[in-house]
Amino acid sequence: MKQLLMSFIGVIITISLFSCKQKPVEVITMNNSRPIEELKQLVLKGDTAAFDDLVVAFMDKGHEEENLVYAIFMAHRYNYPPAYFDVYSCLKIVSESYGRKMDEKTKELAIEYLKKAAELKNCSAMIALRSMYREGEYVPKDTIMSKKLEEESKKLCGF
């Protein structure tokens, strides 16, 4: 009787485990439909197209902050300019949520990533940084640097 009860419990547990298995989340990427887990694995191998698709997938799902881990990885491991900008963006979005301002340490880190992205000629970073220098937001006001970045971004980015 005890053996029968143990067998019955074992079958119930086994059925429960298999029935709770979730399907992989599908995301519509810029090129086609790929599971988000596949995109993550490709990003870890340095696939920049997969990184760009993953960023879009996270935005579509309303989970932009999840991009931070992959952005840091792509920035440090592969020196990918858009990833540096994404680290800055993620830190800024999360820090400024609910009407707050960035604390000093987060601000320093975010600006460091933004400057690196601009140094690597990322257009979004150059535009954001020139605006910050022009307004004196998070960096000291510097109209000369703002104009320099504006000229450089016009040549490189067309705007």
# chains A, B, ... in the order shown; residues from 1 in each chain; ligands from 1
call {"tool": "residues_around", "arguments": {"residues": "segment 86-91 of chain A", "least_positions_apart": "6", "cutoff": "10 Å", "atoms": "only C-alpha atoms", "output": "list in words"}}
result
Val55, Glu64, Glu65, Glu66, Asn67, Leu68, Val69, Tyr70, Ala71, Ile72, Phe73, Met74, Ala75, Met102, Thr106, Lys107, Leu109, Ala110, Ile111, Glu112, Tyr113, Leu114, Lys115, Lys116, Ala117, Ser124 and Ala125 of chain A
call {"tool": "residues_around", "arguments": {"residues": "segment 135-147 of chain A", "least_positions_apart": "4", "cutoff": "10 Å", "atoms": "only C-alpha atoms", "output": "ChimeraX atom specification"}}
result
/A:101-102,104,107-108,110-111,126-131,151-153
call {"tool": "write_last_selection", "arguments": {"atoms": "C-alpha atoms", "output": "PDB file, in the first residue's frame"}}
result
ATOM      1  CA  LYS A 101      17.311  62.797 -10.559  1.00  0.00           C
ATOM      2  CA  MET A 102      20.377  60.604 -10.990  1.00  0.00           C
ATOM      3  CA  GLU A 104      26.178  61.372  -8.264  1.00  0.00           C
ATOM      4  CA  LYS A 107      25.526  60.017 -13.035  1.00  0.00           C
ATOM      5  CA  GLU A 108      29.314  59.625 -13.241  1.00  0.00           C
ATOM      6  CA  ALA A 110      26.257  56.971 -17.029  1.00  0.00           C
ATOM      7  CA  ILE A 111      28.242  59.942 -18.384  1.00  0.00           C
ATOM      8  CA  MET A 126      27.014  62.601 -29.810  1.00  0.00           C
ATOM      9  CA  ILE A 127      23.610  64.269 -30.048  1.00  0.00           C
ATOM     10  CA  ALA A 128      22.730  63.567 -26.407  1.00  0.00           C
ATOM     11  CA  LEU A 129      26.114  64.770 -25.176  1.00  0.00           C
ATOM     12  CA  ARG A 130      26.067  67.976 -27.248  1.00  0.00           C
ATOM     13  CA  SER A 131      22.644  68.794 -25.817  1.00  0.00           C
ATOM     14  CA  GLU A 151      29.741  69.933 -36.169  1.00  0.00           C
ATOM     15  CA  GLU A 152      31.117  66.414 -35.824  1.00  0.00           C
ATOM     16  CA  SER A 153      27.661  64.843 -35.649  1.00  0.00           C
TER      17      SER A 153
END
call {"tool": "atom_distance", "arguments": {"atom1": "atom CA of Arg77 of chain A", "atom2": "atom CA of Ala118 of chain A"}}
result
17.7 Å
call {"tool": "select_by_dssp", "arguments": {"residues": "segment 97-139 of chain A", "states": "helix (DSSP H, G or I)", "output": "count of residues only"}}
result
32
call {"tool": "residues_around", "arguments": {"residues": "Tyr78 of chain A", "least_positions_apart": "6", "cutoff": "10 Å", "atoms": "only C-alpha atoms", "output": "count of residues only"}}
result
6
call {"tool": "residues_around", "arguments": {"residues": "Lys40 of chain A", "least_positions_apart": "2", "cutoff": "9 Å", "atoms": "only C-alpha atoms", "output": "VMD selection string"}}
result
chain A and resid 35 to 38 42 to 45 50 to 51 54 70
